[in-house]
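**Student:** My structure is in input22.pdb, and what it holds is PDB, C-alpha atoms:
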ATOM      1  CA  MET A   2      94.702 244.314  -5.905
ATOM      2  CA  ASP A   3      92.989 244.118  -2.535
ATOM      3  CA  PRO A   4      89.173 243.823  -2.383
ATOM      4  CA  VAL A   5      88.676 247.395  -1.128
ATOM      5  CA  SER A   6      90.536 248.797  -4.132
ATOM      6  CA  GLN A   7      88.636 246.590  -6.565
ATOM      7  CA  ILE A   8      85.235 247.446  -5.098
ATOM      8  CA  ALA A   9      86.085 251.151  -5.056
ATOM      9  CA  LEU A  10      87.316 251.028  -8.660
ATOM     10  CA  GLY A  11      84.205 249.202  -9.838
ATOM     11  CA  ALA A  12      81.955 251.639  -7.969
ATOM     12  CA  ALA A  13      83.770 254.659  -9.417
ATOM     13  CA  VAL A  14      83.556 253.222 -12.933
ATOM     14  CA  GLY A  15      79.863 252.489 -12.403
ATOM     15  CA  GLU A  16      79.208 256.048 -11.277
ATOM     16  CA  ALA A  17      81.119 257.465 -14.244
ATOM     17  CA  ALA A  18      79.246 255.233 -16.701
ATOM     18  CA  LEU A  19      75.658 255.602 -15.479
ATOM     19  CA  GLY A  20      75.490 257.634 -12.292
ATOM     20  CA  ARG A  21      73.865 260.674 -13.908
ATOM     21  CA  LYS A  22      70.986 258.516 -15.212
ATOM     22  CA  VAL A  23      70.232 255.967 -12.489
ATOM     23  CA  GLY A  24      71.685 257.666  -9.418
ATOM     24  CA  ARG A  25      73.280 255.777  -6.547
ATOM     25  CA  ARG A  26      72.319 252.429  -8.048
ATOM     26  CA  ALA A  27      75.262 252.806 -10.442
ATOM     27  CA  PRO A  28      78.143 252.784  -7.905
ATOM     28  CA  VAL A  29      76.469 249.995  -5.944
ATOM     29  CA  TRP A  30      76.277 247.713  -8.972
ATOM     30  CA  GLY A  31      79.721 248.824 -10.109
ATOM     31  CA  GLY A  32      81.161 247.837  -6.735
ATOM     32  CA  LEU A  33      79.507 244.415  -6.977
ATOM     33  CA  CYS A  34      81.036 243.929 -10.418
ATOM     34  CA  GLY A  35      84.416 245.013  -9.044
ATOM     35  CA  LEU A  36      84.252 242.246  -6.461
ATOM     36  CA  LEU A  37      82.814 239.501  -8.676
ATOM     37  CA  PRO A  38      86.004 238.161 -10.364
ATOM     38  CA  ASP A  39      87.701 237.559  -7.012
ATOM     39  CA  LEU A  40      84.965 235.187  -5.904
ATOM     40  CA  ASP A  41      87.042 232.458  -7.541
ATOM     41  CA  VAL A  42      88.730 232.130  -4.141
ATOM     42  CA  LEU A  43      85.575 230.287  -3.042
ATOM     43  CA  TRP A  44      86.133 227.568  -5.645
ATOM     44  CA  PRO A  45      87.297 224.229  -4.137
ATOM     45  CA  PHE A  46      90.595 223.866  -5.998
ATOM     46  CA  ALA A  47      92.299 220.491  -5.822
ATOM     47  CA  ASP A  48      95.388 221.651  -3.920
ATOM     48  CA  ALA A  49      97.285 224.697  -2.692
ATOM     49  CA  VAL A  50      99.321 225.173  -5.881
ATOM     50  CA  SER A  51      96.196 224.970  -8.037
ATOM     51  CA  ALA A  52      94.518 227.605  -5.873
ATOM     52  CA  PHE A  53      97.619 229.811  -6.157
ATOM     53  CA  THR A  54      98.057 229.528  -9.908
ATOM     54  CA  TRP A  55      94.394 229.480 -10.965
ATOM     55  CA  HIS A  56      93.340 232.505  -8.911
ATOM     56  CA  ARG A  57      93.113 235.320 -11.457
ATOM     57  CA  GLY A  58      92.512 232.664 -14.083
ATOM     58  CA  TYR A  59      89.246 232.105 -15.959
ATOM     59  CA  SER A  60      87.321 234.417 -13.632
ATOM     60  CA  HIS A  61      89.631 237.244 -14.749
ATOM     61  CA  ALA A  62      89.697 236.452 -18.482
ATOM     62  CA  PHE A  63      88.409 239.218 -20.750
ATOM     63  CA  LEU A  64      86.338 236.819 -22.854
ATOM     64  CA  PHE A  65      84.409 235.355 -19.933
ATOM     65  CA  LEU A  66      83.854 238.727 -18.277
ATOM     66  CA  ALA A  67      82.525 240.091 -21.567
ATOM     67  CA  LEU A  68      80.086 237.166 -21.666
ATOM     68  CA  ALA A  69      79.103 237.799 -18.037
ATOM     69  CA  ALA A  70      78.350 241.504 -18.604
ATOM     70  CA  PRO A  71      74.911 240.938 -20.244
ATOM     71  CA  LEU A  72      73.903 238.675 -17.358
ATOM     72  CA  VAL A  73      74.813 241.351 -14.830
ATOM     73  CA  ALA A  74      72.956 243.992 -16.835
ATOM     74  CA  TRP A  75      69.899 241.712 -17.016
ATOM     75  CA  ALA A  76      70.021 241.217 -13.219
ATOM     76  CA  ALA A  77      70.244 244.972 -12.649
ATOM     77  CA  LEU A  78      67.227 245.578 -14.871
ATOM     78  CA  ARG A  79      65.262 242.887 -13.024
ATOM     79  CA  VAL A  80      65.999 244.620  -9.721
ATOM     80  CA  HIS A  81      65.415 248.119 -11.115
ATOM     81  CA  PRO A  82      62.749 247.757 -13.838
ATOM     82  CA  ALA A  83      62.097 251.511 -13.841
ATOM     83  CA  THR A  84      65.543 251.992 -15.441
ATOM     84  CA  ARG A  85      64.792 249.744 -18.425
ATOM     85  CA  ALA A  86      65.250 252.658 -20.835
ATOM     86  CA  HIS A  87      68.934 252.695 -19.868
ATOM     87  CA  TRP A  88      69.675 249.056 -20.702
ATOM     88  CA  ARG A  89      72.601 250.035 -22.915
ATOM     89  CA  GLY A  90      74.045 252.023 -20.042
ATOM     90  CA  TRP A  91      73.680 249.042 -17.707
ATOM     91  CA  LEU A  92      75.461 246.839 -20.224
ATOM     92  CA  LEU A  93      78.294 249.367 -20.516
ATOM     93  CA  LEU A  94      78.536 249.701 -16.734
ATOM     94  CA  ALA A  95      78.724 245.940 -16.230
ATOM     95  CA  PHE A  96      81.335 245.450 -18.938
ATOM     96  CA  LEU A  97      83.590 248.297 -17.786
ATOM     97  CA  ALA A  98      83.328 247.502 -14.083
ATOM     98  CA  LEU A  99      84.118 243.823 -14.740
ATOM     99  CA  VAL A 100      87.055 244.228 -17.124
ATOM    100  CA  THR A 101      88.757 247.017 -15.181
ATOM    101  CA  HIS A 102      89.198 244.507 -12.334
ATOM    102  CA  PRO A 103      91.690 242.259 -14.201
ATOM    103  CA  ILE A 104      93.276 245.276 -15.885
ATOM    104  CA  LEU A 105      94.098 246.671 -12.458
ATOM    105  CA  ASP A 106      95.397 243.271 -11.347
ATOM    106  CA  CYS A 107      97.775 243.266 -14.313
ATOM    107  CA  PHE A 108      99.570 246.234 -12.735
ATOM    108  CA  THR A 109     100.630 243.986  -9.809
ATOM    109  CA  VAL A 110     103.294 241.283  -9.760
ATOM    110  CA  TYR A 111     100.996 238.271  -9.133
ATOM    111  CA  GLY A 112     100.097 237.320 -12.708
ATOM    112  CA  THR A 113      96.621 237.600 -14.270
ATOM    113  CA  GLN A 114      95.594 235.231 -17.076
ATOM    114  CA  VAL A 115      93.414 237.695 -18.966
ATOM    115  CA  LEU A 116      93.794 235.961 -22.349
ATOM    116  CA  LEU A 117      92.305 232.582 -21.425
ATOM    117  CA  PRO A 118      91.316 230.336 -23.142
ATOM    118  CA  PHE A 119      93.564 231.480 -26.009
ATOM    119  CA  SER A 120      96.684 231.894 -23.866
ATOM    120  CA  ASP A 121      97.482 231.107 -20.244
ATOM    121  CA  LEU A 122     100.241 233.750 -20.096
ATOM    122  CA  PRO A 123     100.116 235.412 -16.642
ATOM    123  CA  VAL A 124     100.274 239.166 -17.272
ATOM    124  CA  ALA A 125     102.183 241.022 -14.529
ATOM    125  CA  TRP A 126     103.383 244.565 -15.225
ATOM    126  CA  SER A 127     104.432 244.964 -11.586
ATOM    127  CA  THR A 128     104.141 248.724 -11.223
ATOM    128  CA  ILE A 129     102.034 248.854  -8.047
ATOM    129  CA  PHE A 130     101.898 246.923  -4.779
ATOM    130  CA  ILE A 131      98.757 244.896  -4.099
ATOM    131  CA  VAL A 132      97.730 247.528  -1.506
ATOM    132  CA  ASP A 133      98.572 251.129  -2.385
ATOM    133  CA  PRO A 134      96.847 253.901  -0.424
ATOM    134  CA  LEU A 135      97.692 256.549  -3.036
ATOM    135  CA  PHE A 136      95.554 254.628  -5.509
ATOM    136  CA  THR A 137      92.767 253.480  -3.204
ATOM    137  CA  VAL A 138      92.085 256.489  -0.974
ATOM    138  CA  PRO A 139      91.038 258.899  -3.784
ATOM    139  CA  LEU A 140      88.679 256.244  -5.155
ATOM    140  CA  VAL A 141      87.121 255.539  -1.761
ATOM    141  CA  LEU A 142      86.621 259.252  -1.062
ATOM    142  CA  GLY A 143      85.093 259.780  -4.496
ATOM    143  CA  VAL A 144      82.697 256.857  -4.121
ATOM    144  CA  ALA A 145      81.739 258.034  -0.645
ATOM    145  CA  ALA A 146      80.896 261.437  -2.127
ATOM    146  CA  ALA A 147      78.758 259.831  -4.839
ATOM    147  CA  LEU A 148      76.821 257.866  -2.223
ATOM    148  CA  LEU A 149      76.567 260.436   0.557
ATOM    149  CA  VAL A 150      76.646 263.965  -0.850
ATOM    150  CA  ARG A 151      73.085 265.209  -1.139
ATOM    151  CA  ARG A 152      73.605 267.022  -4.415
ATOM    152  CA  ARG A 153      74.137 264.278  -6.984
ATOM    153  CA  ASP A 154      75.908 266.518  -9.492
ATOM    154  CA  ILE A 155      78.574 267.433  -6.930
ATOM    155  CA  GLY A 156      78.943 263.810  -5.787
ATOM    156  CA  HIS A 157      79.249 262.676  -9.391
ATOM    157  CA  ARG A 158      82.008 265.177 -10.129
ATOM    158  CA  LEU A 159      83.902 264.312  -6.955
ATOM    159  CA  CYS A 160      83.716 260.609  -7.791
ATOM    160  CA  ASN A 161      85.030 261.254 -11.291
ATOM    161  CA  ALA A 162      87.844 263.316  -9.781
ATOM    162  CA  GLY A 163      88.791 260.441  -7.472
ATOM    163  CA  LEU A 164      88.807 258.049 -10.426
ATOM    164  CA  ALA A 165      90.978 260.433 -12.433
ATOM    165  CA  ILE A 166      93.471 260.749  -9.567
ATOM    166  CA  GLY A 167      93.670 256.963  -9.209
ATOM    167  CA  VAL A 168      94.263 256.484 -12.933
ATOM    168  CA  ALA A 169      96.876 259.257 -12.930
ATOM    169  CA  TRP A 170      98.700 257.549 -10.071
ATOM    170  CA  LEU A 171      98.687 254.258 -11.981
ATOM    171  CA  ALA A 172     100.236 256.039 -14.946
ATOM    172  CA  GLY A 173     102.783 257.551 -12.584
ATOM    173  CA  THR A 174     103.819 254.126 -11.314
ATOM    174  CA  VAL A 175     104.478 253.049 -14.905
ATOM    175  CA  ALA A 176     106.878 255.970 -15.316
ATOM    176  CA  ILE A 177     108.540 255.230 -11.960
ATOM    177  CA  LYS A 178     109.022 251.577 -12.907
ATOM    178  CA  ALA A 179     110.612 252.530 -16.228
ATOM    179  CA  HIS A 180     113.177 254.558 -14.274
ATOM    180  CA  VAL A 181     113.694 251.793 -11.710
ATOM    181  CA  ASP A 182     114.213 249.164 -14.421
ATOM    182  CA  ARG A 183     116.970 251.266 -15.971
ATOM    183  CA  VAL A 184     118.664 251.655 -12.586
ATOM    184  CA  ALA A 185     118.428 247.901 -11.965
ATOM    185  CA  GLU A 186     119.945 247.040 -15.325
ATOM    186  CA  GLU A 187     122.791 249.501 -14.760
ATOM    187  CA  SER A 188     123.446 248.062 -11.276
ATOM    188  CA  LEU A 189     123.833 244.434 -12.360
ATOM    189  CA  PRO A 190     127.142 242.721 -13.162
ATOM    190  CA  PRO A 191     127.940 242.653 -16.890
ATOM    191  CA  ALA A 192     127.457 238.881 -17.263
ATOM    192  CA  GLY A 193     125.715 235.897 -15.730
ATOM    193  CA  VAL A 194     122.213 237.314 -15.226
ATOM    194  CA  THR A 195     119.487 235.371 -17.038
ATOM    195  CA  ARG A 196     116.343 237.292 -15.988
ATOM    196  CA  LEU A 197     115.370 240.298 -13.905
ATOM    197  CA  PHE A 198     112.231 241.759 -12.370
ATOM    198  CA  THR A 199     111.490 244.782 -10.207
ATOM    199  CA  THR A 200     108.484 245.376  -7.977
ATOM    200  CA  PRO A 201     107.471 247.970  -5.386
ATOM    201  CA  THR A 202     107.738 247.058  -1.715
ATOM    202  CA  PRO A 203     104.662 247.038   0.557
ATOM    203  CA  PHE A 204     102.281 250.016   0.493
ATOM    204  CA  ASN A 205     104.414 252.392  -1.588
ATOM    205  CA  ALA A 206     105.982 253.020  -4.986
ATOM    206  CA  VAL A 207     109.135 254.725  -3.671
ATOM    207  CA  LEU A 208     111.171 251.746  -2.479
ATOM    208  CA  TRP A 209     111.610 248.994  -5.057
ATOM    209  CA  ARG A 210     112.902 245.450  -4.837
ATOM    210  CA  ALA A 211     114.731 243.658  -7.631
ATOM    211  CA  VAL A 212     115.503 239.978  -8.108
ATOM    212  CA  ALA A 213     117.987 238.831 -10.738
ATOM    213  CA  MET A 214     118.418 235.127 -11.496
ATOM    214  CA  ARG A 215     121.946 234.033 -12.368
ATOM    215  CA  ASP A 216     123.343 231.051 -14.244
ATOM    216  CA  ASP A 217     125.644 229.987 -11.391
ATOM    217  CA  GLY A 218     123.096 228.620  -8.914
ATOM    218  CA  ARG A 219     122.441 231.913  -7.158
ATOM    219  CA  PHE A 220     120.144 234.901  -7.400
ATOM    220  CA  LEU A 221     120.569 238.554  -6.462
ATOM    221  CA  GLU A 222     118.062 240.413  -4.288
ATOM    222  CA  GLY A 223     118.299 244.107  -3.566
ATOM    223  CA  TYR A 224     116.603 247.461  -3.094
ATOM    224  CA  TYR A 225     116.583 250.959  -4.474
ATOM    225  CA  SER A 226     114.616 253.963  -3.269
ATOM    226  CA  VAL A 227     113.910 256.773  -5.693
ATOM    227  CA  LEU A 228     115.001 259.001  -2.774
ATOM    228  CA  ASP A 229     118.448 257.368  -2.571
ATOM    229  CA  ALA A 230     121.369 259.738  -3.075
ATOM    230  CA  GLU A 231     123.100 257.143  -5.259
ATOM    231  CA  ARG A 232     121.337 255.839  -8.352
ATOM    232  CA  ARG A 233     121.949 252.115  -7.955
ATOM    233  CA  PHE A 234     120.531 248.911  -6.494
ATOM    234  CA  SER A 235     122.467 247.260  -3.682
ATOM    235  CA  PHE A 236     122.301 243.493  -4.033
ATOM    236  CA  VAL A 237     122.832 240.470  -1.803
ATOM    237  CA  SER A 238     123.607 237.099  -3.382
ATOM    238  CA  ARG A 239     121.567 234.082  -2.256
ATOM    239  CA  PRO A 240     121.545 230.390  -3.327
ATOM    240  CA  ASP A 241     118.637 229.510  -5.611
ATOM    241  CA  GLY A 242     118.425 225.872  -4.455
ATOM    242  CA  HIS A 243     117.473 224.671  -7.927
ATOM    243  CA  GLU A 244     119.579 221.538  -7.472
ATOM    244  CA  LEU A 245     117.202 220.471  -4.683
ATOM    245  CA  LEU A 246     114.259 220.693  -7.065
ATOM    246  CA  GLU A 247     115.884 219.181 -10.130
ATOM    247  CA  PRO A 248     115.000 215.532  -9.278
ATOM    248  CA  ILE A 249     111.301 216.443  -8.881
ATOM    249  CA  ARG A 250     110.934 219.177 -11.479
ATOM    250  CA  GLY A 251     108.627 216.890 -13.482
ATOM    251  CA  GLU A 252     106.102 216.713 -10.620
ATOM    252  CA  ALA A 253     102.991 218.734 -11.492
ATOM    253  CA  PRO A 254     103.069 221.171  -8.509
ATOM    254  CA  VAL A 255     106.764 221.919  -9.000
ATOM    255  CA  ALA A 256     106.425 222.441 -12.739
ATOM    256  CA  ARG A 257     103.366 224.620 -12.190
ATOM    257  CA  VAL A 258     105.142 226.962  -9.740
ATOM    258  CA  MET A 259     108.207 227.120 -11.980
ATOM    259  CA  TRP A 260     105.983 228.204 -14.863
ATOM    260  CA  PHE A 261     103.719 230.580 -12.958
ATOM    261  CA  SER A 262     106.655 232.343 -11.276
ATOM    262  CA  ARG A 263     108.151 232.921 -14.734
ATOM    263  CA  GLY A 264     111.409 231.356 -13.565
ATOM    264  CA  PHE A 265     111.719 233.434 -10.389
ATOM    265  CA  PHE A 266     111.676 230.576  -7.898
ATOM    266  CA  ALA A 267     114.011 229.079  -5.330
ATOM    267  CA  GLY A 268     114.298 225.793  -3.462
ATOM    268  CA  ARG A 269     115.260 225.428   0.172
ATOM    269  CA  GLU A 270     115.645 222.608   2.678
ATOM    270  CA  LEU A 271     113.885 223.042   6.010
ATOM    271  CA  GLU A 272     115.258 221.744   9.302
ATOM    272  CA  SER A 273     112.725 218.915   9.026
ATOM    273  CA  GLY A 274     114.379 217.732   5.798
ATOM    274  CA  GLU A 275     111.424 218.880   3.712
ATOM    275  CA  ILE A 276     112.144 220.647   0.425
ATOM    276  CA  VAL A 277     110.138 223.773  -0.381
ATOM    277  CA  ILE A 278     109.727 225.870  -3.502
ATOM    278  CA  SER A 279     109.088 229.619  -3.191
ATOM    279  CA  ASP A 280     107.863 232.205  -5.669
ATOM    280  CA  LEU A 281     110.496 234.931  -5.276
ATOM    281  CA  ARG A 282     108.320 237.689  -6.677
ATOM    282  CA  MET A 283     106.191 238.199  -3.558
ATOM    283  CA  GLY A 284     107.892 238.707  -0.210
ATOM    284  CA  LEU A 285     111.172 239.952   1.194
ATOM    285  CA  GLU A 286     114.455 238.242   2.066
ATOM    286  CA  GLU A 287     113.508 234.565   2.441
ATOM    287  CA  ARG A 288     110.040 235.444   3.792
ATOM    288  CA  TYR A 289     108.097 234.720   0.638
ATOM    289  CA  VAL A 290     104.314 234.752   0.576
ATOM    290  CA  PHE A 291     103.877 231.632  -1.566
ATOM    291  CA  THR A 292     105.992 228.707  -0.395
ATOM    292  CA  PHE A 293     105.068 225.033  -0.769
ATOM    293  CA  VAL A 294     106.474 221.768   0.538
ATOM    294  CA  VAL A 295     107.041 219.629  -2.548
ATOM    295  CA  GLY A 296     109.743 217.116  -1.580
ATOM    296  CA  ARG A 297     111.939 215.600   1.078
ATOM    297  CA  ARG A 298     115.496 214.399   1.374
ATOM    298  CA  ALA A 299     116.144 210.877   0.089
ATOM    299  CA  GLY A 300     119.810 210.045   0.557
ATOM    300  CA  GLN A 301     121.729 212.499  -1.565
ATOM    301  CA  GLY A 302     118.682 213.429  -3.630
ATOM    302  CA  THR A 303     115.083 214.575  -3.359
ATOM    303  CA  GLU A 304     111.874 212.608  -3.624
ATOM    304  CA  PRO A 305     108.293 213.912  -3.910
ATOM    305  CA  ALA A 306     106.414 214.635  -0.702
ATOM    306  CA  PRO A 307     102.734 215.403   0.009
ATOM    307  CA  LEU A 308     102.041 218.921  -1.177
ATOM    308  CA  ARG A 309     101.173 221.547   1.402
ATOM    309  CA  ALA A 310     101.399 225.305   1.666
ATOM    310  CA  VAL A 311     103.794 226.815   4.198
ATOM    311  CA  PRO A 312     102.023 229.630   6.068
ATOM    312  CA  PHE A 313     103.482 233.048   5.398
ATOM    313  CA  PRO A 314     105.335 234.009   8.611
ATOM    314  CA  GLY A 315     104.849 237.735   8.153
ATOM    315  CA  TYR A 316     107.611 240.176   8.906
ATOM    316  CA  PRO A 317     109.434 240.497  12.233
ATOM    317  CA  PRO A 318     108.069 242.906  14.847
ATOM    318  CA  GLY A 319     109.661 246.305  14.424
ATOM    319  CA  SER A 320     110.493 245.804  10.751
ATOM    320  CA  GLU A 321     108.301 248.767   9.788
ATOM    321  CA  GLY A 322     111.034 251.066  11.158
ATOM    322  CA  PRO A 323     113.824 249.747   8.895
ATOM    323  CA  LEU A 324     111.386 249.687   5.985
ATOM    324  CA  ARG A 325     110.496 253.335   6.558
ATOM    325  CA  GLU A 326     114.147 254.324   6.833
ATOM    326  CA  ARG A 327     114.959 252.426   3.649
ATOM    327  CA  ILE A 328     112.094 254.118   1.780
ATOM    328  CA  LEU A 329     113.537 257.490   2.783
ATOM    329  CA  GLY A 330     117.000 256.450   1.592
ATOM    330  CA  ARG A 331     118.492 256.561   5.095
ATOM    331  CA  SER A 332     119.234 252.881   5.735
ATOM    332  CA  SER A 333     122.671 251.879   7.013
ATOM    333  CA  HIS A 334     122.412 248.588   5.081
ATOM    334  CA  PRO A 335     120.850 249.429   1.720
ATOM    335  CA  ALA A 336     120.957 245.837   0.469
ATOM    336  CA  CYS A 337     118.675 244.483   3.214
ATOM    337  CA  ILE A 338     115.598 245.455   5.192
ATOM    338  CA  LEU A 339     114.889 242.506   7.487
ATOM    339  CA  GLY A 340     118.541 241.673   8.049
ATOM    340  CA  CYS A 341     121.159 239.709   6.072
TER     341      CYS A 341
END
Translate the structure described by the file into structure tokens.
**Tutor:**
Amino acid sequence: MDPVSQIALGAAVGEAALGRKVGRRAPVWGGLCGLLPDLDVLWPFADAVSAFTWHRGYSHAFLFLALAAPLVAWAALRVHPATRAHWRGWLLLAFLALVTHPILDCFTVYGTQVLLPFSDLPVAWSTIFIVDPLFTVPLVLGVAAALLVRRRDIGHRLCNAGLAIGVAWLAGTVAIKAHVDRVAEESLPPAGVTRLFTTPTPFNAVLWRAVAMRDDGRFLEGYYSVLDAERRFSFVSRPDGHELLEPIRGEAPVARVMWFSRGFFAGRELESGEIVISDLRMGLEERYVFTFVVGRRAGQGTEPAPLRAVPFPGYPPGSEGPLRERILGRSSHPACILGC
């Protein structure tokens, strides 16, 4: 999730765990713990693919965060020695505020390696977009109450209420996704599909995107709004470009993206002759957030090329209108948002 959501979640957890005993110190330290795992972005990774696939890696693993919790509690007690009698509470606050960060990340589509070093499986439940106001706003308001309301008992209760609303919304997105997955499966052709995923579109959990990989060199991409009159996904078929990547699939960056994307990847040739690989899980309609140059044309084949990330182009000006109409189930072209 975005940093604001993670800080707000950590602060709310900190207030719930220890706010009645140590006051406003609790949400402050909880917010710091909520931010801490994402500081891995400051690490000088070797290349763009390593940075992409190792973010939410060891810094988000349950084991290492559990080991870090006593250090955070020790630091809090050094700063606030008058609260030494509550050392168990500080330890609980640190542990909960740290581990809820990767748990929340698991609800997104990115992939969080919470089981390292025992397993590098990227966990991605994909029930919530990386920025979701319905989750974040109640937390922010609750934390603001804990920090600003003069009566601590009222601020504490309001913060707990914001946390409860956020958790309830997360649970709601799980139920929505279960419905959406059933609709996606019912909308697919009876044969040829090898894997499927669904994920919410930006800033909402009403309009969902699905990608289905096929065994014929193509993939299906489509949308469904829970407000649609018809219960079905509308799909557009696109080439997966895997034949462009086949000659270089043994190269480390290519293999790493293929693995991390859980098979939801596509190759494409740019006008320059460069070959790129894209993670299909994040983005819309050939505007994918994580795209990397990995090869170039060599006769009729592909040869490795210096690795570099392709900047995300964003979405076209005015696309928020079609997105809004599609969310409300009123789009004239239900299979596309940005244009087919």
**Student:** When you look at stretch 78-80 of chain A with a cut-off of 12 Å (counting all atoms listed in the file), what residues show up, excluding the ones that are within fewer than 6 positions of it in the same chain? I need them as JSON, numbers by chain.
**Tutor:** {"A": [23, 26, 27, 30, 71, 72, 86, 87, 88, 89, 90, 91, 92, 95]}
**Student:** Let's have the selection written as a PDB file, in the frame of the given file, with C-alpha atoms.
**Tutor:**
ATOM      1  CA  VAL A  23      70.232 255.967 -12.489  1.00  0.00           C
ATOM      2  CA  ARG A  26      72.319 252.429  -8.048  1.00  0.00           C
ATOM      3  CA  ALA A  27      75.262 252.806 -10.442  1.00  0.00           C
ATOM      4  CA  TRP A  30      76.277 247.713  -8.972  1.00  0.00           C
ATOM      5  CA  PRO A  71      74.911 240.938 -20.244  1.00  0.00           C
ATOM      6  CA  LEU A  72      73.903 238.675 -17.358  1.00  0.00           C
ATOM      7  CA  ALA A  86      65.250 252.658 -20.835  1.00  0.00           C
ATOM      8  CA  HIS A  87      68.934 252.695 -19.868  1.00  0.00           C
ATOM      9  CA  TRP A  88      69.675 249.056 -20.702  1.00  0.00           C
ATOM     10  CA  ARG A  89      72.601 250.035 -22.915  1.00  0.00           C
ATOM     11  CA  GLY A  90      74.045 252.023 -20.042  1.00  0.00           C
ATOM     12  CA  TRP A  91      73.680 249.042 -17.707  1.00  0.00           C
ATOM     13  CA  LEU A  92      75.461 246.839 -20.224  1.00  0.00           C
ATOM     14  CA  ALA A  95      78.724 245.940 -16.230  1.00  0.00           C
TER      15      ALA A  95
END
**Student:** Determine the residue set returned by the PyMOL selection byres ((chain A and resi 160) around 8) for the present structure, and present it as a PyMOL selection string.
**Tutor:** chain A and resi 13+16-17+140+142-147+156-159+161-164
**Student:** Residue by residue, what does the PyMOL selection byres ((chain A and resi 214) around 8) grab here? Present the result as a count of residues only.
**Tutor:** 12
**Student:** Calculate how many Å separate atom CA of A:Gly11 from atom CA of A:Val207, rounding to one decimal.
**Tutor:** 26.3 Å
**Student:** Since I can't run it myself right now, could you work out what the PyMOL selection byres ((chain A and resi 294-298) around 12) selects here and report it as a ChimeraX atom specification?
**Tutor:** /A:48-50,245-258,268-279,291-293,299-312
**Student:** For atom CA of A:Pro82 and atom CA of A:Gly32, determine how far apart the two atoms are, in Å to one decimal place.
**Tutor:**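 Atom-to-atom, atom CA of A:Pro82 and atom CA of A:Gly32 are spaced 19.7 Å apart.
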**Student:** Can you work out the spacing between atom CA of A:Phe261 and atom CA of A:Val132 in Å, to one decimal?
**Tutor:** 21.3 Å
**Student:** Between A:Thr128, A:Gly173, A:Arg21, A:Pro323, which one has atoms that come closest to A:Asp154, using only C-alpha atoms?
**Tutor:**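 Nearest candidate to A:Asp154 out of A:Thr128, A:Gly173, A:Arg21, A:Pro323: A:Arg21.
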**Student:** I want to know what sits within 9 Å of A:Trp170, based on all atoms listed in the file, with residues of the same chain fewer than 4 positions away left out; could you give that as a PyMOL selection string?
**Tutor:** chain A and resi 135-136+165-166+174-175
**Student:** Excluding same-chain residues fewer than 4 positions from stretch 124-127 of chain A, what lies within 7 Å of it counting all atoms listed in the file, as a PyMOL selection string?
**Tutor:** chain A and resi 107-114+200
